[in-house]
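Chemist: Below is a structure I'd like to ask you about.
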Amino acid sequence: MEHRVVITGIGAYSCLGENLDTVLESLRLGRSGVIYDEQRKDFGYRSCFTGMVAEPDLNPFLSRRQRIGMHQPARYAFMSTKEAMEGSGLDADFLDKTETGIIFGNDSTAGAVVETVDKVRAKKNTTLIGSGDIFQNMNSTVNMNLSTIYKLKGMNFTISAACASGSHSIGMGYLLIKQGLQERVVCGGAQEINVYAMASFDGLGAFSVRDAAPSMASRPFDRDRDGLVPSGGAATVIIESLESALKRNAPIYGEIVGFGFSSNGDHISNPNFDGQFRSLNMALKQANLTPKDIDYVNAHATSTPIGDSTEAEAIFSVLGSKVPVSSTKSMTGHECWMAGASEVVYSLLMMNNDFIAPNINFENPDEQSEKINIIPSYREQNIDCFLSNSFGFGGTNSSLIIKKFKK
Amino acid sequence: MKREDIILTTKQFLSDEFEVDATLIQPGNNLQQTLDLDSLDYVDLVVVIEENLGIKPTAEDFKTIETFNDFYDLVEQRLNA
């Protein structure tokens, strides 16, 4: 028996806001979370733009033992998960007595690893590193920490799929629940923000060096875009079988109806039309929907010249020229491992509040982006069904389709 | 370092590191129970001792330690070795 899969909890710790209310306000206003980070200039970055979040104070919520295994990805993810759990009506006591899984997206722990290695270099003795670092250093840091804090008893692993990590985490959770293997899964994505995390990416020359205000640097689909802006934080999406959600009278933010995925099998960093085309089509087919059923596309578009053009072609080829499209990365920058999850949260906020957040800085189309319907400013609109794209290095692609819940 | 100074210094860094009320750190009290130490915490105990006193006991050294008095004995012995 297949199960319907609904979203019963969401949380965000984002450069658009450190809770859902502030994020919603930013989305409506088209408010950018990008800053100019002077530290990056001193460190040798080519581009100093970044999305930024404050370091959360976890002391009021967690014990010393719970905190010392956490660096940025886990700290940010705790904040977004705390919000999602509370909104969903889940607490540690209930989770301890039921089976809930956790599949989080994360693909680096650079800041934590560098700090650990610096300690060993200084002390020349591994026994002086301390007991927390190993749990900060591993890529599964979010899973390890959150599953322990919340006493989760179900499936427990990390998805590392570059900039599609967050999206694949939701897709994998969806498949497990749909097949009846899990009742509830905490999904999401986390992305560290520190100079160590993005230095090698900056070195590829992929980031914007636009001589303008930080808020104007990320400009997906715009003719004059010159690269992406890195960003980070965390987002959590709790998904659940419909039976379980109804049984505990949980809030329902939407229903996942399609998960398309593909691998380009091509270049390690260049996007590929065929891979994206297959991912989009697979999601539609699995959802048993046609292009006219999609009311909004939250594009992956990161503001790189080739990436956005390729995606515009893929959206046009699969969904046509009419469907409204925006890239919230115009406001957030590229939240990388977090992006697939955060963009589902942003889109759910739009769907539940009847608007489309603007693709800010979209001033002039290019040859490809003029073929699709990009929304440059806030628009009130009913959304019954949206599609969210995420594509990553190594040619990993993910497309999720989520509908407004109807019994 | 005199024993009184060891008691004063260690009380400060142990209460800071393990987030316990400093008044609970008394010579006759049980070290493990008072600081709520699990097996991983002994790794951090070694780190804070090294950071604050410059000596480096091993996890093995703590096997025979029950009270803070035992702990002060160990520290005193190592500092004066």
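If you're wondering about the labels, chains in the structure tokens are A, B, ... by order shown, residues count from 1 in each chain, ligands from 1 in order shown.
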Determine which residues of chain B receive a DSSP assignment of helix (DSSP H, G or I), computed from the backbone, and state them as a ChimeraX atom specification.
Modeler: /B:3-18,22-24,31-35,41-53,59-64,68-79
Chemist: Rounded to one decimal in Å, what is the spacing between atom CA of B:Asp38 and atom CA of A:Phe78?
Modeler: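 Atom-to-atom, atom CA of B:Asp38 and atom CA of A:Phe78 are spaced 23.0 Å apart.
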Chemist: Using only C-alpha atoms, which residues of chain A come within 7 Å of chain B, and what is the closest atom pair for each, with the distance in Å to one decimal? Give it as JSON lines, sorted by chain and residue number.
Modeler:
```
{"residue": "A:Leu128", "atom": "CA", "partner": "B:Val47", "partner_atom": "CA", "distance": 5.1}
{"residue": "A:Gly130", "atom": "CA", "partner": "B:Asp44", "partner_atom": "CA", "distance": 5.1}
{"residue": "A:Ser131", "atom": "CA", "partner": "B:Val43", "partner_atom": "CA", "distance": 5.8}
```
Chemist: Which residues are close to A:Phe405, i.e. within 8 Å by only C-alpha atoms, leaving aside same-chain residues fewer than 6 positions away? Reply as a list of chain:residue names.
Modeler: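 Counting only the stated atoms, we get A:Val6, A:Ile252, A:Tyr253, A:Gly254, A:Glu255.
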Chemist: Quote the spacing between atom CA of B:Asp16 and atom CA of B:Lys63 in Å to one decimal place.
Modeler: 22.9 Å
Chemist: Name the residues in contact with A:Pro324 at a cut-off of 9 Å, using only C-alpha atoms, excluding same-chain residues fewer than 2 positions from it; report them as a list in words.
Modeler: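 After dropping sequence-adjacent residues, the list is Ile294, Asp295, Tyr296, Val297, Asn298, Ser321, Lys322, Ser326, Ile356, Ile372, Asn373, Ile374 and Ile375 of chain A.
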Chemist: Choose the residue, out of A:Val186, A:Tyr378, A:Ala213, A:Thr396, that has the smallest atom-to-atom separation from A:Ser262; count only C-alpha atoms.
Modeler: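 Closest candidate: A:Thr396.
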Chemist: Please identify all polymer residues within 8 Å of stretch 8-11 of chain B, counting only C-alpha atoms, omitting same-chain residues fewer than 4 positions from it, and present them as a list in words.
Modeler: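 Final neighbour list, sorted by chain and number: Glu4, Ser15, Ala22 and Ile25 of chain B.
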Chemist: How many Å separate atom CA of A:Cys15 from atom CA of A:Phe207?
Modeler: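 Between these atoms lies a distance of 17.7 Å.
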